[in-house]
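Chemist: Input structure: work.cif, which contains mmCIF, C-alpha atoms.
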```cif
data_query
loop_
_atom_site.label_atom_id
_atom_site.label_comp_id
_atom_site.auth_asym_id
_atom_site.auth_seq_id
_atom_site.Cartn_x
_atom_site.Cartn_y
_atom_site.Cartn_z
CA ASN A 1 -4.47 -7.16 17.94
CA ALA A 2 -5.41 -7.72 14.28
CA GLY A 3 -6.93 -4.26 13.73
CA VAL A 4 -9.44 -4.12 10.87
CA THR A 5 -9.72 -7.29 8.81
CA GLN A 6 -11.59 -7.77 5.56
CA THR A 7 -12.51 -10.94 3.69
CA PRO A 8 -12.27 -11.95 0.96
CA LYS A 9 -9.25 -10.16 -0.51
CA PHE A 10 -10.50 -10.68 -4.04
CA GLN A 11 -13.80 -11.84 -5.53
CA VAL A 12 -15.24 -12.30 -9.01
CA LEU A 13 -19.02 -12.23 -9.39
CA LYS A 14 -21.42 -12.54 -12.27
CA THR A 15 -24.06 -9.88 -12.79
CA GLY A 16 -27.05 -10.58 -10.57
CA GLN A 17 -25.20 -12.66 -8.00
CA SER A 18 -25.23 -11.70 -4.36
CA MET A 19 -22.43 -11.70 -1.84
CA THR A 20 -21.37 -10.32 1.51
CA LEU A 21 -18.10 -8.52 2.14
CA GLN A 22 -16.96 -9.13 5.68
CA CYS A 23 -15.37 -6.56 7.98
CA ALA A 24 -14.29 -7.11 11.56
CA GLN A 25 -12.32 -5.09 14.10
CA ASP A 26 -10.95 -6.08 17.49
CA MET A 27 -10.32 -2.60 18.87
CA ASN A 28 -13.77 -2.12 20.43
CA HIS A 29 -14.45 0.76 18.04
CA GLU A 30 -17.99 2.12 17.97
CA TYR A 31 -17.76 3.75 14.58
CA MET A 32 -17.44 1.69 11.39
CA SER A 33 -17.83 2.57 7.74
CA TRP A 34 -17.55 1.24 4.19
CA TYR A 35 -15.92 3.08 1.30
CA ARG A 36 -15.39 2.22 -2.33
CA GLN A 37 -12.48 3.38 -4.44
CA ASP A 38 -12.70 3.44 -8.21
CA PRO A 39 -9.76 4.03 -10.59
CA GLY A 40 -8.69 7.66 -10.59
CA MET A 41 -11.19 8.46 -7.85
CA GLY A 42 -11.00 9.15 -4.18
CA LEU A 43 -12.77 7.03 -1.61
CA ARG A 44 -16.54 7.43 -1.42
CA LEU A 45 -18.59 6.60 1.65
CA ILE A 46 -21.22 3.89 1.13
CA HIS A 47 -22.68 3.26 4.59
CA TYR A 48 -21.60 3.87 8.16
CA SER A 49 -22.55 2.87 11.68
CA VAL A 50 -22.11 4.79 14.93
CA GLY A 51 -22.73 1.70 17.06
CA ALA A 52 -24.38 -1.69 17.21
CA GLY A 53 -27.88 -1.55 15.82
CA ILE A 54 -27.43 1.85 14.14
CA THR A 55 -26.58 2.36 10.48
CA ASP A 56 -26.91 5.22 8.03
CA GLN A 57 -26.31 5.97 4.38
CA GLY A 58 -23.28 7.69 2.97
CA GLU A 59 -22.66 9.29 -0.40
CA VAL A 60 -23.22 6.20 -2.62
CA PRO A 61 -25.53 3.72 -0.80
CA ASN A 62 -27.59 2.38 -3.72
CA GLY A 63 -27.20 -1.34 -4.34
CA TYR A 64 -25.70 -2.04 -0.90
CA ASN A 65 -27.15 -3.11 2.44
CA VAL A 66 -25.50 -3.14 5.85
CA SER A 67 -26.32 -4.25 9.36
CA ARG A 68 -24.49 -3.95 12.68
CA SER A 69 -25.56 -6.65 15.10
CA THR A 70 -22.30 -6.59 17.06
CA THR A 71 -19.65 -3.97 17.80
CA GLU A 72 -17.01 -6.06 16.05
CA ASP A 73 -18.64 -6.82 12.70
CA PHE A 74 -20.00 -4.66 9.91
CA PRO A 75 -20.81 -6.72 6.78
CA LEU A 76 -21.64 -5.13 3.44
CA ARG A 77 -24.16 -6.95 1.26
CA LEU A 78 -24.57 -6.75 -2.49
CA LEU A 79 -28.02 -8.18 -3.23
CA SER A 80 -27.73 -8.19 -7.04
CA ALA A 81 -24.26 -7.33 -8.27
CA ALA A 82 -23.83 -5.02 -11.25
CA PRO A 83 -20.69 -4.25 -13.29
CA SER A 84 -20.83 -0.69 -11.91
CA GLN A 85 -20.01 -2.18 -8.50
CA THR A 86 -16.61 -3.34 -9.70
CA SER A 87 -14.35 -1.54 -7.28
CA VAL A 88 -12.04 -1.84 -4.30
CA TYR A 89 -13.94 -1.77 -1.02
CA PHE A 90 -12.43 -0.51 2.21
CA CYS A 91 -13.82 -0.89 5.68
CA ALA A 92 -12.76 1.52 8.42
CA SER A 93 -13.32 1.90 12.15
CA SER A 94 -12.68 4.41 14.92
CA TYR A 95 -13.51 4.96 18.59
CA GLY A 96 -15.90 7.70 17.65
CA ALA A 97 -16.86 9.78 14.69
CA GLU A 98 -14.25 12.38 15.66
CA GLU A 99 -11.41 9.94 16.06
CA THR A 100 -8.86 8.73 13.54
CA GLN A 101 -10.23 6.06 11.24
CA TYR A 102 -8.27 2.85 10.76
CA PHE A 103 -8.72 1.18 7.39
CA GLY A 104 -8.69 -2.47 6.47
CA PRO A 105 -6.58 -3.80 3.56
CA GLY A 106 -9.49 -3.78 1.12
CA THR A 107 -11.51 -6.23 -0.95
CA ARG A 108 -11.11 -6.10 -4.71
CA LEU A 109 -14.41 -6.96 -6.41
CA LEU A 110 -14.87 -7.68 -10.11
CA VAL A 111 -18.42 -8.00 -11.47
CA LEU A 112 -18.66 -9.50 -14.95
CA ASP B 113 -19.01 18.30 -8.83
CA GLN B 114 -15.86 17.58 -6.90
CA GLN B 115 -15.75 19.24 -3.51
CA VAL B 116 -12.16 18.22 -2.83
CA LYS B 117 -9.69 18.49 -5.68
CA GLN B 118 -6.16 17.24 -6.00
CA ASN B 119 -5.18 18.54 -9.41
CA SER B 120 -1.80 16.83 -9.64
CA PRO B 121 -2.19 13.10 -10.24
CA SER B 122 1.52 12.54 -9.70
CA LEU B 123 4.63 14.19 -8.28
CA SER B 124 8.26 13.13 -8.51
CA VAL B 125 10.83 14.42 -6.02
CA GLN B 126 14.47 13.71 -5.28
CA GLU B 127 15.31 12.16 -1.92
CA GLY B 128 16.15 14.80 0.66
CA ARG B 129 14.20 17.56 -1.09
CA ILE B 130 10.81 18.94 -0.13
CA SER B 131 7.58 17.39 -1.41
CA ILE B 132 4.57 19.69 -1.63
CA LEU B 133 1.18 18.16 -2.26
CA ASN B 134 -1.74 20.46 -2.90
CA CYS B 135 -5.46 20.24 -2.30
CA ASP B 136 -8.30 22.65 -3.07
CA TYR B 137 -11.85 22.54 -1.81
CA THR B 138 -15.08 24.25 -2.77
CA ASN B 139 -17.35 23.71 0.23
CA SER B 140 -16.93 26.59 2.68
CA MET B 141 -18.62 24.47 5.38
CA PHE B 142 -15.64 22.14 5.60
CA ASP B 143 -13.94 22.68 8.95
CA TYR B 144 -11.63 19.71 9.35
CA PHE B 145 -9.05 18.42 6.90
CA LEU B 146 -6.96 15.28 6.83
CA TRP B 147 -4.23 13.66 4.78
CA TYR B 148 -4.08 9.92 4.28
CA LYS B 149 -1.25 7.90 2.80
CA LYS B 150 -1.86 4.71 0.83
CA TYR B 151 0.56 2.04 -0.30
CA PRO B 152 -0.47 -0.44 -3.03
CA ALA B 153 -2.68 -3.31 -1.84
CA GLU B 154 -3.11 -1.69 1.58
CA GLY B 155 -5.77 0.48 3.15
CA PRO B 156 -5.19 4.21 3.66
CA THR B 157 -3.42 5.25 6.85
CA PHE B 158 -3.96 8.53 8.65
CA LEU B 159 -1.07 10.95 8.35
CA ILE B 160 -1.96 14.38 9.71
CA SER B 161 -4.96 16.63 10.18
CA ILE B 162 -5.84 20.27 10.72
CA SER B 163 -8.84 22.08 12.09
CA SER B 164 -10.14 25.20 10.38
CA ILE B 165 -9.26 27.27 13.45
CA LYS B 166 -5.58 26.70 12.70
CA ASP B 167 -3.45 27.53 9.69
CA LYS B 168 -0.61 25.11 10.36
CA ASN B 169 -0.06 21.75 11.98
CA GLU B 170 3.26 19.98 12.21
CA ASP B 171 4.19 16.38 12.97
CA GLY B 172 7.82 15.50 12.45
CA ARG B 173 8.66 15.73 8.76
CA PHE B 174 5.04 16.45 7.84
CA THR B 175 3.40 19.87 7.94
CA VAL B 176 -0.04 20.79 6.73
CA PHE B 177 -0.89 24.39 5.87
CA LEU B 178 -4.44 25.68 5.54
CA ASN B 179 -5.43 28.86 3.69
CA LYS B 180 -9.13 29.28 4.33
CA SER B 181 -9.57 32.37 2.19
CA ALA B 182 -8.14 30.52 -0.81
CA LYS B 183 -9.82 27.23 0.18
CA HIS B 184 -6.48 25.56 -0.21
CA LEU B 185 -4.35 23.25 1.86
CA SER B 186 -0.97 21.71 1.27
CA LEU B 187 1.12 18.94 2.76
CA HIS B 188 4.86 19.51 3.03
CA ILE B 189 7.23 16.60 3.55
CA VAL B 190 10.76 17.58 4.51
CA PRO B 191 13.07 15.86 3.87
CA SER B 192 11.44 13.42 1.47
CA GLN B 193 12.44 9.78 1.76
CA PRO B 194 11.98 6.86 -0.67
CA GLY B 195 9.59 5.27 1.87
CA ASP B 196 7.29 8.25 1.40
CA SER B 197 6.48 7.02 -2.11
CA ALA B 198 2.73 6.37 -1.98
CA VAL B 199 -0.60 7.85 -2.99
CA TYR B 200 -1.66 10.75 -0.78
CA PHE B 201 -5.33 11.57 -0.33
CA CYS B 202 -6.67 14.84 0.97
CA ALA B 203 -10.02 14.58 2.80
CA ALA B 204 -12.42 17.06 4.36
CA SER B 205 -15.31 17.05 6.77
CA GLU B 206 -17.92 19.63 7.76
CA ASN B 207 -18.77 18.09 11.10
CA GLY B 208 -16.24 19.74 13.38
CA GLY B 209 -13.74 16.96 13.39
CA SER B 210 -16.14 14.16 12.73
CA GLN B 211 -14.68 11.79 10.24
CA GLY B 212 -17.99 10.14 9.62
CA ASN B 213 -18.63 11.77 6.29
CA LEU B 214 -15.24 12.39 4.84
CA ILE B 215 -15.03 13.69 1.28
CA PHE B 216 -11.84 12.52 -0.41
CA GLY B 217 -9.84 13.93 -3.28
CA LYS B 218 -8.66 11.68 -6.11
CA GLY B 219 -5.16 11.38 -4.72
CA THR B 220 -1.63 12.33 -5.76
CA LYS B 221 0.96 9.65 -6.39
CA LEU B 222 4.28 10.72 -4.89
CA SER B 223 7.49 9.13 -6.12
CA VAL B 224 10.65 9.90 -4.15
CA LYS B 225 13.75 8.94 -6.11
CA PRO B 226 16.98 7.96 -4.33
#
```
Can you give me the file's structure in the form of structure tokens?

Modeler:
Amino acid sequence: NAGVTQTPKFQVLKTGQSMTLQCAQDMNHEYMSWYRQDPGMGLRLIHYSVGAGITDQGEVPNGYNVSRSTTEDFPLRLLSAAPSQTSVYFCASSYGAEETQYFGPGTRLLVL
Amino acid sequence: DQQVKQNSPSLSVQEGRISILNCDYTNSMFDYFLWYKKYPAEGPTFLISISSIKDKNEDGRFTVFLNKSAKHLSLHIVPSQPGDSAVYFCAASENGGSQGNLIFGKGTKLSVKP
């Protein structure tokens, strides 16, 4: 049981490049979400999903796209990276919205 | 405007003593509160939570107290151990326990010295 896995661990992008941050969980959790953490800041919700085929925006969704085609995977897409998206990104999952969220180890992204 | 505030960026405590981490909130609609612990290069892990219908919840060495009138909660760790050294995040939700839209504080870095 791997829990919540995220790839890559670290990525450097140039402004304007696109990339996808991967998130997968093997716990059959319905609820998945993406957060970003900036220095000296708490985690902020980007997007979340209550089940396959359903996604919604969080507090800071601009510049990011998500989709949920399977229960296991919840990728986060940056279509045109900007330096303001330099951050550490955490994916989380839970059985339901009212259950404890389990976080992945994070992806550190640097946009030059 | 921060809805969840952790005004102490860091706290240093001697092993065996009590650690008290504080959190204030401004949104009176919040009804569920959580504490997460985070080690470097790892994701946050859930520690303890409390519903607004309670004023105390205890789990082993960890106790969370909620003062709704003051919009304040605190996490007590007794006794503190070096392994407790981590960043602690306070988080709140206004969806009756739903953790879908958690609002996090900036965190407090706890250092427990042997």

Chemist: Show me, as number ranges by chain, the residues that have an atom within 8 Å of Leu110 in chain A when counting only C-alpha atoms, minus same-chain residues fewer than 4 positions from it.

Modeler: A: 11-13, 83, 85-87

Chemist: Using all atoms listed in the file, which protein or nucleic acid residues come within 12 Å of Arg129 in chain B? Drop anything in the same chain fewer than 5 positions from it, and give the result as a ChimeraX atom specification.

Modeler: /B:124,173,188-194,196,223-226

Chemist: Can I get the residues of chain B within 12 Å of chain A, each with the closest pair of atoms and their distance in Å to one decimal, using all atoms listed in the file, sorted chain first then ascending number, as a tab-separated table?

Modeler:
```
residue	atom	partner	partner_atom	distance
B:Gln114	CA	A:Gly42	CA	10.1
B:Gln115	CA	A:Gly42	CA	11.2
B:Val116	CA	A:Gly42	CA	9.2
B:Lys117	CA	A:Gly42	CA	9.5
B:Gln118	CA	A:Gly42	CA	9.6
B:Asn119	CA	A:Gly40	CA	11.5
B:Ser120	CA	A:Gly40	CA	11.5
B:Pro121	CA	A:Gly40	CA	8.5
B:Ser122	CA	A:Gly40	CA	11.4
B:Tyr144	CA	A:Glu98	CA	10.0
B:Phe145	CA	A:Thr100	CA	11.7
B:Leu146	CA	A:Thr100	CA	9.6
B:Trp147	CA	A:Thr100	CA	11.1
B:Tyr148	CA	A:Gln101	CA	10.1
B:Lys149	CA	A:Phe103	CA	11.0
B:Lys150	CA	A:Pro105	CA	10.1
B:Tyr151	CA	A:Pro105	CA	10.0
B:Pro152	CA	A:Pro105	CA	9.6
B:Ala153	CA	A:Pro105	CA	6.7
B:Glu154	CA	A:Pro105	CA	4.5
B:Gly155	CA	A:Pro105	CA	4.4
B:Pro156	CA	A:Phe103	CA	6.0
B:Thr157	CA	A:Tyr102	CA	6.7
B:Phe158	CA	A:Thr100	CA	6.9
B:Leu159	CA	A:Thr100	CA	9.6
B:Ile160	CA	A:Thr100	CA	9.7
B:Ser161	CA	A:Thr100	CA	9.4
B:Ser163	CA	A:Glu98	CA	11.7
B:Val199	CA	A:Gly42	CA	10.5
B:Tyr200	CA	A:Gly42	CA	10.1
B:Phe201	CA	A:Gly42	CA	7.3
B:Cys202	CA	A:Gly42	CA	8.8
B:Ala203	CA	A:Gly42	CA	8.9
B:Ala204	CA	A:Leu43	CA	11.7
B:Ser205	CA	A:Glu98	CA	10.1
B:Glu206	CA	A:Glu98	CA	11.3
B:Asn207	CA	A:Glu98	CA	8.6
B:Gly208	CA	A:Glu98	CA	8.0
B:Gly209	CA	A:Glu98	CA	5.1
B:Ser210	CA	A:Glu98	CA	3.9
B:Gln211	CA	A:Ala97	CA	5.3
B:Gly212	CA	A:Ala97	CA	5.2
B:Asn213	CA	A:Leu45	CA	6.9
B:Leu214	CA	A:Leu45	CA	7.4
B:Ile215	CA	A:Arg44	CA	7.0
B:Phe216	CA	A:Gly42	CA	5.1
B:Gly217	CA	A:Gly42	CA	5.0
B:Lys218	CA	A:Gly42	CA	3.9
B:Gly219	CA	A:Gly42	CA	6.3
B:Thr220	CA	A:Gly40	CA	9.7
B:Lys221	CA	A:Gly40	CA	10.7
```

Chemist: Give me the result of the PyMOL selection byres ((chain A and resi 71) around 8) on this file, residue by residue, as a list in words.

Modeler: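 When the PyMOL selection byres ((chain A and resi 71) around 8) is applied to the shown file, the picked residues are Asn28, His29, Glu30, Gly51, Ala52, Arg68, Ser69, Thr70, Glu72, Asp73 and Phe74 of chain A.
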
Chemist: Go ahead and dump the residues you just picked, C-alpha atoms, as a PDB file, in the frame of the given file.

Modeler:
```pdb
ATOM      1  CA  ASN A  28     -13.770  -2.120  20.430  1.00  0.00           C
ATOM      2  CA  HIS A  29     -14.450   0.760  18.040  1.00  0.00           C
ATOM      3  CA  GLU A  30     -17.990   2.120  17.970  1.00  0.00           C
ATOM      4  CA  GLY A  51     -22.730   1.700  17.060  1.00  0.00           C
ATOM      5  CA  ALA A  52     -24.380  -1.690  17.210  1.00  0.00           C
ATOM      6  CA  ARG A  68     -24.490  -3.950  12.680  1.00  0.00           C
ATOM      7  CA  SER A  69     -25.560  -6.650  15.100  1.00  0.00           C
ATOM      8  CA  THR A  70     -22.300  -6.590  17.060  1.00  0.00           C
ATOM      9  CA  GLU A  72     -17.010  -6.060  16.050  1.00  0.00           C
ATOM     10  CA  ASP A  73     -18.640  -6.820  12.700  1.00  0.00           C
ATOM     11  CA  PHE A  74     -20.000  -4.660   9.910  1.00  0.00           C
TER      12      PHE A  74
END
```

Chemist: Spell out the residues picked by the PyMOL selection byres ((chain A and resi 17) around 12) here, as a short mmCIF file (atom, residue, chain, number, x, y, z; two decimals) with C-alpha atoms, in the frame of the given file.

Modeler:
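The resulting file, expr_29.cif, is shown below:
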```
data_model
loop_
_atom_site.label_atom_id
_atom_site.label_comp_id
_atom_site.auth_asym_id
_atom_site.auth_seq_id
_atom_site.Cartn_x
_atom_site.Cartn_y
_atom_site.Cartn_z
CA GLN A 11 -13.80 -11.84 -5.53
CA VAL A 12 -15.24 -12.30 -9.01
CA LEU A 13 -19.02 -12.23 -9.39
CA LYS A 14 -21.42 -12.54 -12.27
CA THR A 15 -24.06 -9.88 -12.79
CA GLY A 16 -27.05 -10.58 -10.57
CA SER A 18 -25.23 -11.70 -4.36
CA MET A 19 -22.43 -11.70 -1.84
CA THR A 20 -21.37 -10.32 1.51
CA ARG A 77 -24.16 -6.95 1.26
CA LEU A 78 -24.57 -6.75 -2.49
CA LEU A 79 -28.02 -8.18 -3.23
CA SER A 80 -27.73 -8.19 -7.04
CA ALA A 81 -24.26 -7.33 -8.27
CA ALA A 82 -23.83 -5.02 -11.25
CA PRO A 83 -20.69 -4.25 -13.29
CA GLN A 85 -20.01 -2.18 -8.50
CA LEU A 110 -14.87 -7.68 -10.11
CA VAL A 111 -18.42 -8.00 -11.47
CA LEU A 112 -18.66 -9.50 -14.95
#
```

Chemist: Go ahead and compute the interatomic distance for CA of Val66 in chain A and CA of Gln22 in chain A, in Å to one decimal.

Modeler: 10.4 Å

Chemist: What separation in Å, quoted to one decimal, exists between CA of Gln25 in chain A and CA of Ala2 in chain A?

Modeler: 7.4 Å

Chemist: Between CA of Pro75 in chain A and CA of Leu21 in chain A, what distance in Å does the model show, to one decimal?

Modeler: 5.7 Å

Chemist: With the file shown as input, list the residues that the PyMOL selection byres ((chain B and resi 182) around 12) selects, as a tab-separated table (two decimals) with C-alpha atoms, in the frame of the given file.

Modeler:
```tsv
chain	number	residue	atom	x	y	z
B	135	CYS	CA	-5.46	20.24	-2.30
B	136	ASP	CA	-8.30	22.65	-3.07
B	137	TYR	CA	-11.85	22.54	-1.81
B	138	THR	CA	-15.08	24.25	-2.77
B	139	ASN	CA	-17.35	23.71	0.23
B	140	SER	CA	-16.93	26.59	2.68
B	167	ASP	CA	-3.45	27.53	9.69
B	177	PHE	CA	-0.89	24.39	5.87
B	178	LEU	CA	-4.44	25.68	5.54
B	179	ASN	CA	-5.43	28.86	3.69
B	180	LYS	CA	-9.13	29.28	4.33
B	181	SER	CA	-9.57	32.37	2.19
B	183	LYS	CA	-9.82	27.23	0.18
B	184	HIS	CA	-6.48	25.56	-0.21
B	185	LEU	CA	-4.35	23.25	1.86
B	186	SER	CA	-0.97	21.71	1.27
```

Chemist: Which residues are close to Val176 in chain B, i.e. within 6 Å by only C-alpha atoms, leaving aside same-chain residues fewer than 2 positions away? Reply as a VMD selection string.

Modeler: chain B and resid 168 to 169 186 to 187

Chemist: Store the residues of this selection in a file with C-alpha atoms, as a PDB file, keeping the file's coordinate frame.

Modeler:
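Generated file (again_23.pdb):
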```pdb
ATOM      1  CA  LYS B 168      -0.610  25.110  10.360  1.00  0.00           C
ATOM      2  CA  ASN B 169      -0.060  21.750  11.980  1.00  0.00           C
ATOM      3  CA  SER B 186      -0.970  21.710   1.270  1.00  0.00           C
ATOM      4  CA  LEU B 187       1.120  18.940   2.760  1.00  0.00           C
TER       5      LEU B 187
END
```
